[in-house]
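Visitor: Have a peek at protein25.csv (CSV, C-alpha atoms).
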```csv
chain,number,residue,atom,x,y,z
A,206,MET,CA,0.0,0.0,0.0
A,207,ASN,CA,1.4,3.3,-1.0
A,208,THR,CA,1.4,6.2,1.3
A,209,THR,CA,2.2,9.9,0.7
A,210,THR,CA,4.2,11.8,3.3
A,211,THR,CA,4.0,15.5,3.4
A,212,ILE,CA,7.2,17.2,4.5
A,213,SER,CA,7.2,20.8,5.7
A,214,PRO,CA,9.8,23.0,3.9
A,215,PRO,CA,12.9,23.7,5.8
A,216,PRO,CA,12.8,26.8,8.1
A,217,ALA,CA,15.0,28.8,5.7
A,218,THR,CA,12.4,28.6,2.9
A,219,ARG,CA,9.1,28.5,4.9
A,220,ALA,CA,7.0,31.7,4.7
A,221,ARG,CA,7.1,33.5,8.0
A,222,PRO,CA,4.2,35.5,9.3
A,223,THR,CA,4.6,39.2,9.9
A,224,PRO,CA,3.9,40.1,13.5
A,225,PRO,CA,0.7,42.1,13.7
A,226,ARG,CA,1.1,45.9,13.7
A,227,ALA,CA,-0.7,47.6,16.6
A,228,LEU,CA,-1.2,51.2,17.5
A,229,ALA,CA,-1.4,51.5,21.2
A,230,ILE,CA,-4.8,52.5,22.8
A,231,PRO,CA,-4.6,53.4,26.5
A,232,LYS,CA,-6.7,51.0,28.6
A,233,GLU,CA,-9.0,52.2,31.2
A,234,GLY,CA,-7.1,52.5,34.4
A,235,ASP,CA,-3.7,53.0,32.7
A,236,ASP,CA,-1.7,55.5,34.8
A,237,GLY,CA,-4.7,55.5,37.2
A,238,LEU,CA,-6.8,57.4,34.7
A,239,PHE,CA,-10.2,56.8,33.0
A,240,ARG,CA,-12.0,58.4,30.0
A,241,GLN,CA,-14.2,61.3,30.9
A,242,SER,CA,-17.5,59.9,29.5
A,243,TRP,CA,-21.0,59.1,30.7
A,244,TYR,CA,-21.4,55.5,32.0
A,245,PRO,CA,-24.5,53.6,33.1
A,246,LEU,CA,-24.3,52.7,36.8
A,247,CYS,CA,-27.6,50.9,37.6
A,248,LEU,CA,-31.2,50.7,36.7
A,249,SER,CA,-33.6,53.2,38.1
A,250,SER,CA,-35.6,50.4,39.5
A,251,GLU,CA,-32.7,49.3,41.7
A,252,VAL,CA,-32.8,52.6,43.7
A,253,ALA,CA,-36.4,53.1,45.0
A,254,LYS,CA,-37.2,56.1,47.1
A,255,GLY,CA,-35.5,55.7,50.5
A,256,GLN,CA,-33.0,53.2,49.2
A,257,VAL,CA,-29.2,53.2,48.9
A,258,LEU,CA,-27.3,51.0,46.5
A,259,GLY,CA,-23.5,50.3,46.4
A,260,CYS,CA,-21.9,49.9,43.0
A,261,SER,CA,-18.4,49.2,41.7
A,262,PHE,CA,-17.2,52.0,39.4
A,263,LEU,CA,-13.8,52.8,37.9
A,264,ASP,CA,-11.4,51.3,40.4
A,265,GLY,CA,-13.5,51.7,43.6
A,266,LYS,CA,-17.0,51.9,45.0
A,267,VAL,CA,-19.8,54.5,44.8
A,268,VAL,CA,-23.3,54.7,46.2
A,269,ALA,CA,-26.5,55.8,44.5
A,270,PHE,CA,-29.3,56.9,46.8
A,271,ARG,CA,-32.8,58.4,46.3
A,272,GLY,CA,-34.3,60.7,48.9
A,273,ASP,CA,-37.9,61.7,49.6
A,274,ASP,CA,-37.7,64.2,46.8
A,275,GLY,CA,-37.2,61.3,44.3
A,276,VAL,CA,-33.9,62.6,43.0
A,277,VAL,CA,-31.0,60.1,42.7
A,278,HIS,CA,-27.5,61.2,43.8
A,279,VAL,CA,-24.3,59.3,43.2
A,280,THR,CA,-21.4,59.8,45.6
A,281,SER,CA,-18.2,58.1,46.8
A,282,ALA,CA,-19.0,55.2,49.1
A,283,TYR,CA,-16.8,55.7,52.1
A,284,CYS,CA,-17.5,58.0,55.0
A,285,PRO,CA,-14.7,60.6,55.5
A,286,HIS,CA,-14.9,60.0,59.3
A,287,VAL,CA,-13.3,56.5,59.6
A,288,GLY,CA,-14.2,54.9,56.2
A,289,ALA,CA,-17.4,53.1,56.9
A,290,ASP,CA,-19.2,51.8,53.8
A,291,LEU,CA,-22.2,54.1,53.2
A,292,SER,CA,-24.0,51.4,51.1
A,293,VAL,CA,-25.0,49.8,54.5
A,294,GLY,CA,-26.3,53.1,55.7
A,295,LYS,CA,-29.8,54.6,55.6
A,296,VAL,CA,-31.6,57.3,53.7
A,297,VAL,CA,-33.1,59.9,56.0
A,298,GLY,CA,-35.2,62.4,54.3
A,299,ASN,CA,-33.0,63.6,51.4
A,300,ASN,CA,-29.8,62.7,53.3
A,301,LEU,CA,-27.6,59.6,53.5
A,302,ARG,CA,-26.8,58.5,57.1
A,303,CYS,CA,-23.7,56.4,57.8
A,304,ALA,CA,-24.5,53.3,59.8
A,305,PHE,CA,-21.4,53.5,62.0
A,306,HIS,CA,-21.6,56.9,63.7
A,307,HIS,CA,-24.7,58.4,62.1
A,308,TRP,CA,-23.1,61.2,60.2
A,309,GLU,CA,-25.5,62.5,57.6
A,310,TYR,CA,-24.6,63.7,54.1
A,311,ASN,CA,-26.8,65.7,51.7
A,312,GLY,CA,-27.0,65.3,47.9
A,313,GLU,CA,-24.2,67.8,47.5
A,314,GLY,CA,-21.9,65.5,49.5
A,315,VAL,CA,-21.7,67.8,52.5
A,316,CYS,CA,-21.9,66.5,56.1
A,317,GLU,CA,-24.9,68.3,57.7
A,318,LYS,CA,-24.7,66.7,61.2
A,319,THR,CA,-22.9,64.1,63.3
A,320,GLY,CA,-24.6,61.5,65.4
A,321,ILE,CA,-23.5,62.9,68.7
A,322,GLY,CA,-24.0,66.6,67.8
A,323,ASP,CA,-20.4,67.7,67.3
A,324,PRO,CA,-20.1,70.3,64.5
A,325,PRO,CA,-19.3,68.5,61.2
A,326,PRO,CA,-15.7,69.2,60.1
A,327,ARG,CA,-15.7,71.3,56.9
A,328,SER,CA,-13.6,68.7,55.2
A,329,ALA,CA,-16.1,66.0,55.8
A,330,CYS,CA,-17.4,65.8,52.2
A,331,LEU,CA,-18.1,63.0,49.7
A,332,PHE,CA,-17.2,63.1,46.0
A,333,VAL,CA,-20.4,63.8,44.1
A,334,PHE,CA,-20.5,62.6,40.5
A,335,PRO,CA,-22.5,64.4,37.9
A,336,SER,CA,-25.5,62.1,37.3
A,337,GLN,CA,-28.7,61.9,35.2
A,338,GLU,CA,-31.6,59.6,35.1
A,339,HIS,CA,-32.9,58.7,31.6
A,340,TRP,CA,-34.8,55.8,30.0
A,341,GLY,CA,-34.9,53.9,33.3
A,342,ILE,CA,-31.1,54.0,33.8
A,343,VAL,CA,-28.9,56.1,36.2
A,344,TRP,CA,-25.9,57.5,34.4
A,345,VAL,CA,-22.8,59.0,35.9
A,346,PHE,CA,-20.0,61.1,34.4
A,347,ASN,CA,-16.3,60.5,35.3
A,348,GLY,CA,-15.3,64.0,36.2
A,349,GLU,CA,-16.3,67.0,38.1
A,350,GLU,CA,-18.3,68.6,35.2
A,351,PRO,CA,-19.7,66.8,32.2
A,352,LEU,CA,-17.9,67.6,28.9
A,353,PHE,CA,-21.1,66.8,26.9
A,354,ASP,CA,-24.7,65.7,27.4
A,355,LEU,CA,-26.6,62.5,26.9
A,356,PRO,CA,-28.5,62.3,23.5
A,357,ASP,CA,-32.0,63.4,22.8
A,358,MET,CA,-34.3,60.7,21.4
A,359,GLY,CA,-36.5,63.3,19.7
A,360,HIS,CA,-39.6,62.4,21.8
A,361,PRO,CA,-40.4,63.1,25.5
A,362,GLU,CA,-39.9,60.0,27.6
A,363,ASP,CA,-43.5,60.1,28.8
A,364,THR,CA,-44.7,59.5,25.2
A,365,LEU,CA,-42.6,56.3,24.9
A,366,GLU,CA,-42.9,52.7,25.8
A,367,ILE,CA,-39.5,51.9,27.3
A,368,TRP,CA,-37.8,48.6,28.2
A,369,PRO,CA,-34.7,49.2,30.3
A,370,TYR,CA,-32.3,46.3,30.8
A,371,LYS,CA,-29.1,45.2,32.4
A,372,PHE,CA,-27.1,42.3,31.1
A,373,PRO,CA,-26.6,39.7,33.9
A,374,ARG,CA,-22.8,39.7,33.9
A,375,PRO,CA,-20.0,42.0,32.8
A,376,PHE,CA,-17.8,41.4,29.7
A,377,HIS,CA,-14.0,41.2,29.9
A,378,SER,CA,-13.1,44.3,27.8
A,379,ASP,CA,-13.2,48.1,28.3
A,380,PRO,CA,-16.3,50.1,27.5
A,381,TRP,CA,-14.8,51.7,24.4
A,382,VAL,CA,-14.4,48.3,22.8
A,383,PHE,CA,-18.2,47.9,22.6
A,384,ALA,CA,-18.5,51.5,21.5
A,385,ALA,CA,-16.1,50.8,18.6
A,386,ASN,CA,-18.7,48.5,17.0
A,387,THR,CA,-20.7,51.4,15.8
A,388,PRO,CA,-18.1,52.8,13.4
A,389,ASP,CA,-17.0,49.3,12.5
A,390,MET,CA,-18.7,48.7,9.1
A,391,GLN,CA,-17.2,45.2,8.7
A,392,HIS,CA,-18.7,44.2,12.1
A,393,LEU,CA,-22.2,45.5,11.2
A,394,LYS,CA,-22.2,43.5,8.0
A,395,ALA,CA,-20.4,40.3,9.1
A,396,VAL,CA,-21.9,39.8,12.6
A,397,HIS,CA,-25.3,41.6,12.5
A,398,GLY,CA,-26.2,41.0,8.8
A,399,VAL,CA,-26.7,44.6,7.9
A,400,LYS,CA,-26.8,45.2,4.1
A,401,PHE,CA,-26.2,48.9,3.3
A,402,GLU,CA,-28.3,50.3,0.4
A,403,HIS,CA,-25.5,52.3,-1.2
A,404,GLY,CA,-22.2,50.9,0.1
A,405,ASP,CA,-20.4,51.6,3.3
A,406,PRO,CA,-21.6,55.1,4.7
A,407,HIS,CA,-18.1,56.4,5.4
A,408,ASP,CA,-18.7,59.7,3.7
A,409,LEU,CA,-22.0,60.3,5.6
A,410,ILE,CA,-20.2,60.5,9.0
A,411,GLU,CA,-20.6,63.7,11.0
A,412,TRP,CA,-17.7,64.1,13.4
A,413,ASP,CA,-17.1,66.3,16.4
A,414,GLU,CA,-14.5,66.2,19.1
A,415,TRP,CA,-16.5,63.7,21.3
A,416,GLY,CA,-17.6,61.3,18.6
A,417,LEU,CA,-19.7,60.8,15.5
A,418,ARG,CA,-23.2,60.3,14.1
A,419,TYR,CA,-24.5,59.1,10.7
A,420,ASN,CA,-27.6,58.0,8.9
A,421,VAL,CA,-27.9,54.5,7.5
A,422,LYS,CA,-30.4,53.1,5.1
A,423,ALA,CA,-30.1,49.4,4.9
A,424,LYS,CA,-31.8,46.0,5.2
A,425,HIS,CA,-31.7,44.4,8.6
A,426,GLN,CA,-31.9,40.7,9.3
A,427,GLY,CA,-34.8,39.2,7.6
A,428,GLY,CA,-34.8,41.9,4.9
A,429,VAL,CA,-36.5,44.5,7.1
A,430,PRO,CA,-35.8,48.0,5.9
A,431,ILE,CA,-34.2,50.4,8.4
A,432,ASP,CA,-33.6,54.1,8.3
A,433,TRP,CA,-31.6,54.9,11.4
A,434,THR,CA,-29.3,57.6,12.8
A,435,LEU,CA,-26.5,56.0,14.8
A,436,GLY,CA,-24.4,58.0,17.2
A,437,LEU,CA,-21.5,57.9,19.7
A,438,ARG,CA,-20.5,60.6,22.1
A,439,GLY,CA,-17.6,59.6,24.3
A,440,THR,CA,-16.9,56.0,25.0
A,441,GLY,CA,-19.7,54.9,27.4
A,442,PHE,CA,-22.8,54.6,25.2
A,443,PHE,CA,-24.2,54.5,21.7
A,444,TRP,CA,-27.7,55.4,20.5
A,445,ARG,CA,-29.9,55.0,17.4
A,446,THR,CA,-33.2,56.5,16.3
A,447,GLY,CA,-35.3,56.0,13.2
A,448,THR,CA,-37.6,53.5,11.6
A,449,TYR,CA,-37.7,49.7,11.6
A,450,GLY,CA,-40.0,48.5,8.9
A,451,ASP,CA,-43.1,50.7,9.3
A,452,PHE,CA,-42.6,52.1,12.8
A,453,TRP,CA,-40.4,54.5,14.7
A,454,CYS,CA,-38.0,53.1,17.4
A,455,ALA,CA,-35.0,54.1,19.3
A,456,ALA,CA,-32.4,52.4,21.5
A,457,VAL,CA,-29.6,53.4,23.8
A,458,THR,CA,-26.9,50.9,24.8
A,459,GLY,CA,-24.6,51.9,27.6
A,460,PHE,CA,-21.3,50.4,28.7
A,461,GLY,CA,-20.7,50.6,32.4
A,462,LEU,CA,-17.2,50.6,33.9
A,463,PRO,CA,-17.3,48.4,37.1
A,464,SER,CA,-13.5,47.9,37.1
A,465,PRO,CA,-10.5,48.3,34.7
A,466,GLY,CA,-10.7,45.8,31.8
A,467,MET,CA,-14.5,45.1,32.3
A,468,HIS,CA,-17.7,46.6,31.1
A,469,GLN,CA,-21.4,46.1,32.0
A,470,VAL,CA,-24.0,46.4,29.3
A,471,PHE,CA,-27.1,48.4,30.0
A,472,GLY,CA,-29.7,49.7,27.6
A,473,ALA,CA,-33.2,50.8,26.8
A,474,ALA,CA,-35.3,50.0,23.8
A,475,MET,CA,-38.2,52.4,23.1
A,476,VAL,CA,-41.2,52.9,20.8
A,477,LEU,CA,-44.0,55.4,20.7
A,478,LYS,CA,-47.0,54.7,22.9
A,479,GLY,CA,-50.1,53.7,21.0
A,480,GLU,CA,-52.3,50.9,19.8
A,481,HIS,CA,-49.3,48.7,18.8
A,482,GLY,CA,-46.8,50.1,21.3
A,483,LYS,CA,-46.3,47.0,23.5
A,484,GLU,CA,-46.2,44.7,20.5
A,485,ARG,CA,-43.5,46.8,18.8
A,486,LEU,CA,-41.6,47.1,22.0
A,487,ALA,CA,-41.5,43.3,22.4
A,488,LYS,CA,-40.1,43.1,18.9
A,489,MET,CA,-37.4,45.7,19.7
A,490,ARG,CA,-36.6,43.8,22.9
A,491,GLY,CA,-36.0,40.7,20.8
A,492,ILE,CA,-33.7,42.5,18.4
A,493,THR,CA,-31.7,44.0,21.3
A,494,GLU,CA,-31.3,40.6,23.0
A,495,ARG,CA,-30.3,39.0,19.7
A,496,THR,CA,-27.8,41.7,18.9
A,497,ILE,CA,-26.1,41.5,22.3
A,498,GLY,CA,-26.1,37.7,22.0
A,499,GLU,CA,-24.3,38.0,18.7
A,500,ASP,CA,-21.6,40.2,20.3
A,501,GLU,CA,-21.3,38.4,23.7
A,502,GLN,CA,-18.5,35.9,23.1
A,503,ILE,CA,-16.6,38.3,20.9
A,504,LEU,CA,-16.5,41.1,23.4
A,505,ASP,CA,-15.8,38.8,26.4
A,506,THR,CA,-12.6,37.3,24.8
A,507,ILE,CA,-11.2,40.0,22.5
A,508,HIS,CA,-7.7,41.5,23.0
A,509,TYR,CA,-8.6,44.6,21.1
A,510,ARG,CA,-5.9,46.4,19.1
A,511,GLN,CA,-5.7,48.5,16.0
A,512,GLY,CA,-3.9,46.0,13.8
A,513,THR,CA,-3.9,45.4,10.1
A,514,PHE,CA,-6.7,47.5,8.6
A,515,THR,CA,-8.2,47.7,5.2
A,516,VAL,CA,-10.0,50.6,3.4
A,517,ALA,CA,-13.3,49.3,4.9
A,518,ASP,CA,-11.9,50.3,8.3
A,519,ARG,CA,-11.4,54.1,7.7
A,520,THR,CA,-14.3,55.2,9.9
A,521,LEU,CA,-13.3,52.8,12.6
A,522,ALA,CA,-9.7,54.0,12.4
A,523,ARG,CA,-10.7,57.7,12.8
A,524,TYR,CA,-12.9,56.8,15.8
A,525,LEU,CA,-10.0,55.0,17.4
A,526,ARG,CA,-7.9,58.1,17.1
A,527,ILE,CA,-10.6,59.9,19.2
A,528,VAL,CA,-10.4,57.0,21.7
A,529,ARG,CA,-6.6,57.3,22.0
A,530,ASP,CA,-6.7,61.0,22.5
A,531,PHE,CA,-9.9,61.2,24.6
A,532,PRO,CA,-9.5,63.2,27.9
A,533,ARG,CA,-8.7,61.0,30.8
A,534,ALA,CA,-8.9,61.8,34.5
A,535,HIS,CA,-9.7,60.4,37.9
A,536,PRO,CA,-10.8,63.2,40.3
A,537,SER,CA,-12.6,60.8,42.6
A,538,ALA,CA,-9.6,58.5,43.2
A,539,ALA,CA,-8.9,59.6,46.7
A,540,PHE,CA,-12.6,59.1,47.7
A,541,ILE,CA,-13.8,55.8,46.2
A,542,ARG,CA,-10.9,53.4,47.0
```
What would you get if you wrote out this structure as structure tokens?
Guide:
Amino acid sequence: MNTTTTISPPPATRARPTPPRALAIPKEGDDGLFRQSWYPLCLSSEVAKGQVLGCSFLDGKVVAFRGDDGVVHVTSAYCPHVGADLSVGKVVGNNLRCAFHHWEYNGEGVCEKTGIGDPPPRSACLFVFPSQEHWGIVWVFNGEEPLFDLPDMGHPEDTLEIWPYKFPRPFHSDPWVFAANTPDMQHLKAVHGVKFEHGDPHDLIEWDEWGLRYNVKAKHQGGVPIDWTLGLRGTGFFWRTGTYGDFWCAAVTGFGLPSPGMHQVFGAAMVLKGEHGKERLAKMRGITERTIGEDEQILDTIHYRQGTFTVADRTLARYLRIVRDFPRAHPSAAFIR
């Protein structure tokens, strides 16, 4: 019986792979700094009136609490007195009371009184994060003042059916990695089955110093026509508005930052209230869950780098320049660790 033996060429003649080129992109937490963007922290439903919730954020811990006035505040989690964890404290009126010595802090982070009546030290203050509550999600900004605002969906929230959600576990990559899917035309086509009507929309991109937005007309999975405006501002969320088939819809997907090298997916799907509102919202919920499912394993295992690109990557490459140069800071560092 004849057999054929394949012999590899000697090392001197074997083709050798070229090591991948990679442009460095600072990771979250490099040099103790994080990008100054809006990040989702928790669902609104997780912080009922009179409740306090502890959350991991950046490289430490924060608390969100809602007082009698219904407003959510987000502050550093550790009492300036001796460091007790305020997440095991109690909301009293519109203040947060430490469980250990009953010092009380208002929504501005200022200690208003101590448990035994001593005058509060002037330096007894919490770090207060800029925060907003939209679409059933509590958002926080990494910084003392926001550099930009959250997007407007074009309709008041009370006219919308909204489904807020939180993915049950974090992914092992930084938030900007998920954000980079939006300008990644190859990803939209290969993973999510989007078929653009007139080629890749690179020339339709509107840029500013914080991100991008563009209109896309395409066929979605199943051949459903979509006419969407997609946008990114910063590195912590993306949004879209427009029509899916014959009805208007919108979605926001946020990428929380519970620790360096991780992100937690939040989002909200929304449609206009009306006769078919709940049915349409259920359809958008299904699309959202399917889309995240398509990305889940990719984003949980990727070692993202800007490597060997093609002409199809020119929008992605420009966005990654914004990511590399994005303002980074950590003014809360001394408070949340």
Visitor: Which residue gives the smallest distance to A:Gln256 among A:Leu291, A:Met390, A:Ala229, A:Ala423, with all atoms listed in the file counted?
Guide: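 Of A:Leu291, A:Met390, A:Ala229, A:Ala423, the one nearest A:Gln256, counting all atoms listed in the file, is A:Leu291.
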Visitor: Select from stretch 400-502 of chain A every residue with an atom at most 10 Å from any atom of stretch 343-347 of chain A, then for each give the shortest pair of atoms and their distance in Å to one decimal, using only C-alpha atoms, rows by chain and rising number, as JSON lines.
Guide:
```
{"residue": "A:Gly441", "atom": "CA", "partner": "A:Phe346", "partner_atom": "CA", "distance": 9.4}
{"residue": "A:Gly459", "atom": "CA", "partner": "A:Trp344", "partner_atom": "CA", "distance": 8.9}
{"residue": "A:Gly461", "atom": "CA", "partner": "A:Trp344", "partner_atom": "CA", "distance": 8.9}
```
Visitor: Counting all atoms listed in the file, what is within 10 Å of stretch 470-482 of chain A, bar same-chain residues fewer than 5 positions away, as an mmCIF file with C-alpha atoms, keeping the file's coordinate frame?
Guide:
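Output (out.cif):
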```cif
data_model
loop_
_atom_site.group_PDB
_atom_site.id
_atom_site.type_symbol
_atom_site.label_atom_id
_atom_site.label_comp_id
_atom_site.auth_asym_id
_atom_site.auth_seq_id
_atom_site.Cartn_x
_atom_site.Cartn_y
_atom_site.Cartn_z
ATOM 1 C CA TYR A 244 -21.400 55.500 32.000
ATOM 2 C CA PRO A 245 -24.500 53.600 33.100
ATOM 3 C CA LEU A 246 -24.300 52.700 36.800
ATOM 4 C CA CYS A 247 -27.600 50.900 37.600
ATOM 5 C CA LEU A 248 -31.200 50.700 36.700
ATOM 6 C CA HIS A 339 -32.900 58.700 31.600
ATOM 7 C CA TRP A 340 -34.800 55.800 30.000
ATOM 8 C CA GLY A 341 -34.900 53.900 33.300
ATOM 9 C CA ILE A 342 -31.100 54.000 33.800
ATOM 10 C CA MET A 358 -34.300 60.700 21.400
ATOM 11 C CA HIS A 360 -39.600 62.400 21.800
ATOM 12 C CA PRO A 361 -40.400 63.100 25.500
ATOM 13 C CA GLU A 362 -39.900 60.000 27.600
ATOM 14 C CA ASP A 363 -43.500 60.100 28.800
ATOM 15 C CA THR A 364 -44.700 59.500 25.200
ATOM 16 C CA LEU A 365 -42.600 56.300 24.900
ATOM 17 C CA GLU A 366 -42.900 52.700 25.800
ATOM 18 C CA ILE A 367 -39.500 51.900 27.300
ATOM 19 C CA TRP A 368 -37.800 48.600 28.200
ATOM 20 C CA PRO A 369 -34.700 49.200 30.300
ATOM 21 C CA TYR A 370 -32.300 46.300 30.800
ATOM 22 C CA LYS A 371 -29.100 45.200 32.400
ATOM 23 C CA PHE A 372 -27.100 42.300 31.100
ATOM 24 C CA PRO A 373 -26.600 39.700 33.900
ATOM 25 C CA ARG A 374 -22.800 39.700 33.900
ATOM 26 C CA PRO A 375 -20.000 42.000 32.800
ATOM 27 C CA PHE A 376 -17.800 41.400 29.700
ATOM 28 C CA PRO A 380 -16.300 50.100 27.500
ATOM 29 C CA PHE A 383 -18.200 47.900 22.600
ATOM 30 C CA GLY A 441 -19.700 54.900 27.400
ATOM 31 C CA PHE A 442 -22.800 54.600 25.200
ATOM 32 C CA PHE A 443 -24.200 54.500 21.700
ATOM 33 C CA TRP A 444 -27.700 55.400 20.500
ATOM 34 C CA ARG A 445 -29.900 55.000 17.400
ATOM 35 C CA THR A 446 -33.200 56.500 16.300
ATOM 36 C CA THR A 448 -37.600 53.500 11.600
ATOM 37 C CA PHE A 452 -42.600 52.100 12.800
ATOM 38 C CA TRP A 453 -40.400 54.500 14.700
ATOM 39 C CA CYS A 454 -38.000 53.100 17.400
ATOM 40 C CA ALA A 455 -35.000 54.100 19.300
ATOM 41 C CA ALA A 456 -32.400 52.400 21.500
ATOM 42 C CA VAL A 457 -29.600 53.400 23.800
ATOM 43 C CA THR A 458 -26.900 50.900 24.800
ATOM 44 C CA GLY A 459 -24.600 51.900 27.600
ATOM 45 C CA PHE A 460 -21.300 50.400 28.700
ATOM 46 C CA GLY A 461 -20.700 50.600 32.400
ATOM 47 C CA LEU A 462 -17.200 50.600 33.900
ATOM 48 C CA ALA A 487 -41.500 43.300 22.400
ATOM 49 C CA LYS A 488 -40.100 43.100 18.900
ATOM 50 C CA MET A 489 -37.400 45.700 19.700
ATOM 51 C CA ARG A 490 -36.600 43.800 22.900
ATOM 52 C CA GLY A 491 -36.000 40.700 20.800
ATOM 53 C CA ILE A 492 -33.700 42.500 18.400
ATOM 54 C CA THR A 493 -31.700 44.000 21.300
ATOM 55 C CA ILE A 497 -26.100 41.500 22.300
#
```
Visitor: Using all atoms listed in the file, determine which residues lie at most 8 Å from A:His278, disregarding the query and same-chain residues fewer than 3 positions distant; provide the list as JSON, numbers by chain.
Guide: {"A": [269, 270, 271, 312, 333, 334, 336]}
Visitor: Using only C-alpha atoms, pick whichever of A:Leu331, A:Leu409, A:Cys316, A:Ile503 has the shortest atom-to-atom distance to A:Tyr283.
Guide: A:Leu331
Visitor: With all atoms listed in the file counted, which protein, DNA or RNA residues have an atom no more than 9 Å from (-31.7, 47.6, 6.0) in the file frame? Please answer as a list in words.
Guide: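 Protein, DNA and RNA residues close to (-31.7, 47.6, 6.0): Val399, Lys400, Phe401, Glu402, Val421, Lys422, Ala423, Lys424, His425, Gln426, Gly428, Val429, Pro430, Ile431, Asp432, Tyr449 and Gly450 of chain A.
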Visitor: Env of A:Asp500: 9 Å cut, atoms = only C-alpha atoms, seq-sep filter 4 positions within chain, self excluded. Answer as JSON, numbers by chain.
Guide: {"A": [383, 396, 397, 495, 496, 504, 505]}
Visitor: Using all atoms listed in the file, find the one residue out of A:Ser261, A:Gln391, A:Gln502, A:Ser281 that sits nearest to A:Phe514.
Guide: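 Residue with the minimum atom-to-atom distance to A:Phe514: A:Gln391.
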Visitor: Nearest to A:His392: which of A:Val252, A:Gly234, A:Lys266, A:Asp518 is it, counting only C-alpha atoms?
Guide: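 Of A:Val252, A:Gly234, A:Lys266, A:Asp518, the one nearest A:His392 is A:Asp518, counting only C-alpha atoms.
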Visitor: Can you find the residues with an atom no farther than 7 Å from (-22.7, 51.4, 51.8), counting all atoms listed in the file, and report them as a ChimeraX atom specification?
Guide: /A:259,268,282,290-294
Visitor: Can you work out which one of A:Gln241, A:His377, A:Asp405, A:Thr515 has the shortest atom-to-atom distance to A:Glu350, counting all atoms listed in the file?
Guide: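 Checking each of A:Gln241, A:His377, A:Asp405, A:Thr515 against A:Glu350, counting all atoms listed in the file, the winner is A:Gln241.
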Visitor: At what distance in Å, to one decimal, does atom CA of A:Asp530 lie from atom CA of A:Gln511?
Guide: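 So the two atoms, atom CA of A:Gln511 and atom CA of A:Asp530, lie 14.1 Å apart.
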Visitor: Kindly indicate which residue among A:Leu301, A:Leu525, A:Cys284, A:Ala385 lies nearest to A:Arg542, using all atoms listed in the file for the distances.
Guide: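 Looking only at the distances to A:Arg542, the closest residue turns out to be A:Cys284.
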Visitor: Between atom CA of A:Gly512 and atom CA of A:Trp243, what is the distance in Å, rounded to a tenth?
Guide: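 Spanning atom CA of A:Gly512 to atom CA of A:Trp243 is a straight-line distance of 27.4 Å.
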Visitor: Which residues come within 9 Å of A:Thr513, counting all atoms listed in the file, excluding same-chain residues fewer than 3 positions away, as a PDB file with C-alpha atoms, in the frame of the given file?
Guide:
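Contents of result10.pdb, freshly written:
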```
ATOM      1  CA  PRO A 225       0.700  42.100  13.700  1.00  0.00           C
ATOM      2  CA  ARG A 226       1.100  45.900  13.700  1.00  0.00           C
ATOM      3  CA  ALA A 227      -0.700  47.600  16.600  1.00  0.00           C
TER       4      ALA A 227
END
```
Visitor: How far is it from atom CA of A:Ile230 to atom CA of A:Trp415, in Å with one decimal?
Guide: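 It comes out at 16.3 Å.
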Visitor: If we count only C-alpha atoms and set the cut-off at 9 Å, which residues sit around A:Phe239, ignoring sequence neighbours fewer than 6 positions away in its own chain? Please answer as a VMD selection string.
Guide: chain A and resid 232 to 233 263 347 465 532 to 535
